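**Q** Please see the structure below; I have some questions.
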Amino acid sequence: MNTSRTAVLVKPDGLQRGLIGEIISRFERKGLKLVGLKMVNLTDEQLSDWYAEHKDKSFFGELKSFMGSMPIVCMVWEGIDAVPVVRKLVGTTLGREAEAGSIRGDFGMSQQFNLIHASANGDDAAREIKIVFSDDELFNYAGARECVIYADFELAKLKE
Ligand code: CMP
């Protein structure tokens, strides 16, 4: 069990499809806590850092130009095992194969236009959060619902 933070981007297609509220609502209903939120137009430099692992792929340039084509919504969500929990809510990359009930499974058909990004692991989450958020844009606050979302032994972990 691990209390962690994870980065989420709602991509240009998610913004244009009007899915920001739906996506935030799904994470809220799950019991995750929102600790950072902003709308930004990511620069080519930020996108090169963000997608460094894809720099040799044929779609790298197209991916960056798509992601930089308009503002996107960036979020940081917190909770026990936040990284895998959010990945599961988001679903697998290819929308038309993603599990029904996941965000991509319910709203997407495409590989590139897959609506949303979620950090793949804890190291990626830490790196990605730093690309977009400064320390003073991330918040620590007591979640009023946590006592009904987690049992006492889990709450103790949350406070470690
Ligand atoms: P994500 O997994 O969030 O991060 C890498 C992104 O690259 C992926 O979502 C897709 O949006 C995009 N992607 C993956 N494969 C392709 C492809 N073949 N062509 C264009 N974009 C792609």
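Order determines the names: the first chain of the structure tokens is A, the second B, and so forth; residues in each chain are numbered 1 upward, and ligands are numbered 1 upward as they are shown.
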Let me have all residues with an atom within 12 Å of ligand 1, counting only C-alpha atoms and all ligand atoms, laid out as a PyMOL selection string.

**A** chain A and resi 7-14+47-48+50-67+87+90-95+104+108-120+124+128

**Q** Return as a Markdown table the residues of region 55-130 of chain A lying at most 10 Å from region 20-37 of chain A, together with the closest atom-to-atom pair for each and the distance in Å to one decimal, counting only C-alpha atoms, with rows in chain order and ascending residue number.

**A**
| residue | atom | partner | partner_atom | distance |
| --- | --- | --- | --- | --- |
| A:Ile72 | CA | A:Ile20 | CA | 9.8 |
| A:Val73 | CA | A:Leu37 | CA | 7.3 |
| A:Cys74 | CA | A:Leu37 | CA | 5.7 |
| A:Met75 | CA | A:Leu37 | CA | 4.4 |
| A:Val76 | CA | A:Gly36 | CA | 4.8 |
| A:Trp77 | CA | A:Leu34 | CA | 4.7 |
| A:Glu78 | CA | A:Lys33 | CA | 5.0 |
| A:Gly79 | CA | A:Leu32 | CA | 5.4 |
| A:Ile80 | CA | A:Leu32 | CA | 8.4 |
| A:Asp81 | CA | A:Leu32 | CA | 9.9 |
| A:Ala82 | CA | A:Leu32 | CA | 7.4 |
| A:Val85 | CA | A:Leu32 | CA | 9.0 |
| A:Val86 | CA | A:Phe27 | CA | 7.6 |
| A:Leu89 | CA | A:Phe27 | CA | 7.9 |
| A:Val90 | CA | A:Ile23 | CA | 9.1 |
| A:Ser102 | CA | A:Arg26 | CA | 9.5 |
| A:Ile103 | CA | A:Ile23 | CA | 7.3 |
| A:Leu115 | CA | A:Ile23 | CA | 9.7 |
| A:Ile116 | CA | A:Ile23 | CA | 8.9 |
| A:Ile129 | CA | A:Gly36 | CA | 9.3 |

**Q** May I have the residues from that selection written out with all heavy atoms, as a short mmCIF file (atom, residue, chain, number, x, y, z; two decimals), in the first residue's frame?

**A**
data_model
loop_
_atom_site.label_atom_id
_atom_site.label_comp_id
_atom_site.auth_asym_id
_atom_site.auth_seq_id
_atom_site.Cartn_x
_atom_site.Cartn_y
_atom_site.Cartn_z
N ILE A 72 -4.66 22.38 -22.48
CA ILE A 72 -5.11 21.11 -21.90
C ILE A 72 -5.29 21.31 -20.40
O ILE A 72 -4.80 22.29 -19.84
CB ILE A 72 -4.11 19.96 -22.17
CG1 ILE A 72 -2.73 20.33 -21.64
CG2 ILE A 72 -4.04 19.63 -23.64
CD1 ILE A 72 -1.77 19.18 -21.71
N VAL A 73 -5.98 20.39 -19.77
CA VAL A 73 -6.21 20.51 -18.33
C VAL A 73 -5.32 19.50 -17.61
O VAL A 73 -5.33 18.30 -17.93
CB VAL A 73 -7.71 20.28 -18.00
CG1 VAL A 73 -7.93 20.24 -16.49
CG2 VAL A 73 -8.54 21.40 -18.62
N CYS A 74 -4.51 20.02 -16.69
CA CYS A 74 -3.55 19.19 -15.95
C CYS A 74 -4.00 19.07 -14.50
O CYS A 74 -4.42 20.06 -13.90
CB CYS A 74 -2.17 19.84 -15.95
SG CYS A 74 -1.62 20.39 -17.56
N MET A 75 -3.90 17.87 -13.99
CA MET A 75 -4.37 17.63 -12.62
C MET A 75 -3.39 16.73 -11.89
O MET A 75 -2.69 15.93 -12.52
CB MET A 75 -5.71 16.90 -12.63
CG MET A 75 -6.82 17.64 -13.29
SD MET A 75 -8.31 16.64 -13.25
CE MET A 75 -8.46 16.23 -14.95
N VAL A 76 -3.38 16.87 -10.57
CA VAL A 76 -2.66 15.92 -9.72
C VAL A 76 -3.67 15.34 -8.73
O VAL A 76 -4.39 16.10 -8.06
CB VAL A 76 -1.49 16.59 -8.99
CG1 VAL A 76 -0.76 15.57 -8.12
CG2 VAL A 76 -0.52 17.22 -9.99
N TRP A 77 -3.74 14.03 -8.69
CA TRP A 77 -4.67 13.32 -7.79
C TRP A 77 -3.89 12.51 -6.78
O TRP A 77 -2.84 11.95 -7.11
CB TRP A 77 -5.59 12.40 -8.61
CG TRP A 77 -6.57 13.17 -9.45
CD1 TRP A 77 -6.41 13.59 -10.74
CD2 TRP A 77 -7.87 13.64 -9.04
NE1 TRP A 77 -7.52 14.28 -11.16
CE2 TRP A 77 -8.43 14.33 -10.13
CE3 TRP A 77 -8.61 13.53 -7.86
CZ2 TRP A 77 -9.70 14.92 -10.09
CZ3 TRP A 77 -9.87 14.12 -7.81
CH2 TRP A 77 -10.41 14.80 -8.92
N GLU A 78 -4.42 12.45 -5.58
CA GLU A 78 -3.73 11.80 -4.47
C GLU A 78 -4.61 10.72 -3.84
O GLU A 78 -5.83 10.88 -3.75
CB GLU A 78 -3.39 12.86 -3.42
CG GLU A 78 -2.58 12.36 -2.24
CD GLU A 78 -2.33 13.49 -1.26
OE1 GLU A 78 -1.37 14.26 -1.45
OE2 GLU A 78 -3.12 13.61 -0.29
N GLY A 79 -3.97 9.67 -3.38
CA GLY A 79 -4.69 8.62 -2.66
C GLY A 79 -3.78 7.42 -2.50
O GLY A 79 -2.68 7.38 -3.07
N ILE A 80 -4.22 6.44 -1.74
CA ILE A 80 -3.44 5.21 -1.61
C ILE A 80 -3.39 4.53 -2.98
O ILE A 80 -4.42 4.33 -3.62
CB ILE A 80 -4.04 4.28 -0.55
CG1 ILE A 80 -3.92 4.93 0.84
CG2 ILE A 80 -3.36 2.92 -0.57
CD1 ILE A 80 -4.60 4.16 1.95
N ASP A 81 -2.17 4.22 -3.41
CA ASP A 81 -1.98 3.58 -4.73
C ASP A 81 -2.60 4.39 -5.86
O ASP A 81 -3.17 3.82 -6.81
CB ASP A 81 -2.55 2.15 -4.74
CG ASP A 81 -1.77 1.22 -3.82
OD1 ASP A 81 -0.58 1.47 -3.59
OD2 ASP A 81 -2.37 0.23 -3.35
N ALA A 82 -2.48 5.71 -5.79
CA ALA A 82 -3.13 6.57 -6.79
C ALA A 82 -2.71 6.25 -8.24
O ALA A 82 -3.56 6.31 -9.14
CB ALA A 82 -2.83 8.04 -6.48
N VAL A 85 -4.51 3.04 -9.45
CA VAL A 85 -5.96 3.26 -9.38
C VAL A 85 -6.40 4.14 -10.55
O VAL A 85 -7.38 3.82 -11.26
CB VAL A 85 -6.35 3.92 -8.02
CG1 VAL A 85 -7.77 4.45 -8.06
CG2 VAL A 85 -6.19 2.92 -6.88
N VAL A 86 -5.66 5.22 -10.80
CA VAL A 86 -6.04 6.12 -11.91
C VAL A 86 -5.86 5.43 -13.25
O VAL A 86 -6.70 5.57 -14.15
CB VAL A 86 -5.24 7.45 -11.82
CG1 VAL A 86 -5.37 8.25 -13.11
CG2 VAL A 86 -5.74 8.28 -10.64
N LEU A 89 -8.88 3.40 -13.92
CA LEU A 89 -10.05 4.22 -14.28
C LEU A 89 -9.93 4.74 -15.71
O LEU A 89 -10.93 4.95 -16.39
CB LEU A 89 -10.21 5.40 -13.32
CG LEU A 89 -10.59 5.07 -11.87
CD1 LEU A 89 -10.66 6.34 -11.04
CD2 LEU A 89 -11.92 4.34 -11.80
N VAL A 90 -8.69 4.99 -16.16
CA VAL A 90 -8.46 5.55 -17.50
C VAL A 90 -8.61 4.49 -18.59
O VAL A 90 -9.19 4.74 -19.64
CB VAL A 90 -7.06 6.21 -17.55
CG1 VAL A 90 -6.61 6.48 -18.99
CG2 VAL A 90 -7.06 7.51 -16.74
N SER A 102 -14.23 2.04 -18.17
CA SER A 102 -13.09 2.96 -18.04
C SER A 102 -13.39 4.22 -18.86
O SER A 102 -14.30 4.24 -19.70
CB SER A 102 -11.80 2.29 -18.51
OG SER A 102 -11.85 2.06 -19.91
N ILE A 103 -12.61 5.28 -18.63
CA ILE A 103 -12.86 6.53 -19.36
C ILE A 103 -12.66 6.32 -20.86
O ILE A 103 -13.52 6.68 -21.67
CB ILE A 103 -11.93 7.65 -18.81
CG1 ILE A 103 -12.36 8.00 -17.38
CG2 ILE A 103 -11.96 8.89 -19.71
CD1 ILE A 103 -11.35 8.82 -16.59
N LEU A 115 -8.04 10.83 -25.29
CA LEU A 115 -8.71 11.68 -24.30
C LEU A 115 -7.91 12.12 -23.10
O LEU A 115 -8.08 13.22 -22.60
CB LEU A 115 -10.00 11.00 -23.78
CG LEU A 115 -11.00 10.56 -24.85
CD1 LEU A 115 -12.03 9.60 -24.25
CD2 LEU A 115 -11.68 11.75 -25.47
N ILE A 116 -7.06 11.27 -22.61
CA ILE A 116 -6.51 11.50 -21.27
C ILE A 116 -5.16 10.80 -21.12
O ILE A 116 -4.93 9.77 -21.74
CB ILE A 116 -7.52 10.98 -20.21
CG1 ILE A 116 -7.07 11.25 -18.79
CG2 ILE A 116 -7.87 9.53 -20.40
CD1 ILE A 116 -8.16 11.03 -17.75
N ILE A 129 4.73 15.59 -12.86
CA ILE A 129 4.16 16.65 -12.00
C ILE A 129 5.08 17.87 -12.01
O ILE A 129 4.63 19.01 -12.13
CB ILE A 129 3.92 16.11 -10.57
CG1 ILE A 129 2.76 15.10 -10.56
CG2 ILE A 129 3.64 17.26 -9.60
CD1 ILE A 129 2.60 14.30 -9.29
#

**Q** Please return, as a count of residues only, all residues of region 22-147 of chain A that DSSP assigns to strand (DSSP E) on the basis of the backbone.

**A** 20

**Q** Expressed in Å to a single decimal, how great is the separation between CA of Ile131 (chain A) and CA of Gln46 (chain A)?

**A**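 Straight-line distance from CA of Ile131 (chain A) to CA of Gln46 (chain A) works out to 6.4 Å.
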
**Q** Where in region 91-159 of chain A does DSSP assign alpha helix (DSSP H), given as a ChimeraX atom specification?

**A** /A:103-107,122-132,146-149,152-159

**Q** Which is closer to Ser134 (chain A) than all the others in A:Lys38, A:Lys157, A:Gln16, A:Val83, using only C-alpha atoms?

**A**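 The answer is A:Lys38, which sits nearest to Ser134 (chain A).
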
**Q** Please measure the separation of CA of Arg5 (chain A) and CA of Val132 (chain A), giving the value in Å to one decimal.

**A**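 So the two atoms, CA of Arg5 (chain A) and CA of Val132 (chain A), lie 13.8 Å apart.
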
**Q** Mind checking which residues fall within 7 Å of Asn41 (chain A), counting only C-alpha atoms, ignoring those fewer than 3 positions away in the same chain, and posting them as a PyMOL selection string?

**A** chain A and resi 68+70-72

**Q** Just want the 12 Å neighbourhood of Cys147 (chain A), counted on only C-alpha atoms, with same-chain residues fewer than 6 positions away dropped. Output as a PyMOL selection string.

**A** chain A and resi 31+153-156+158

**Q** Between CA of Ser4 (chain A) and CA of Asp123 (chain A), measure the distance and give it in Å to one decimal.

**A**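 CA of Asp123 (chain A) lies 10.7 Å from CA of Ser4 (chain A).
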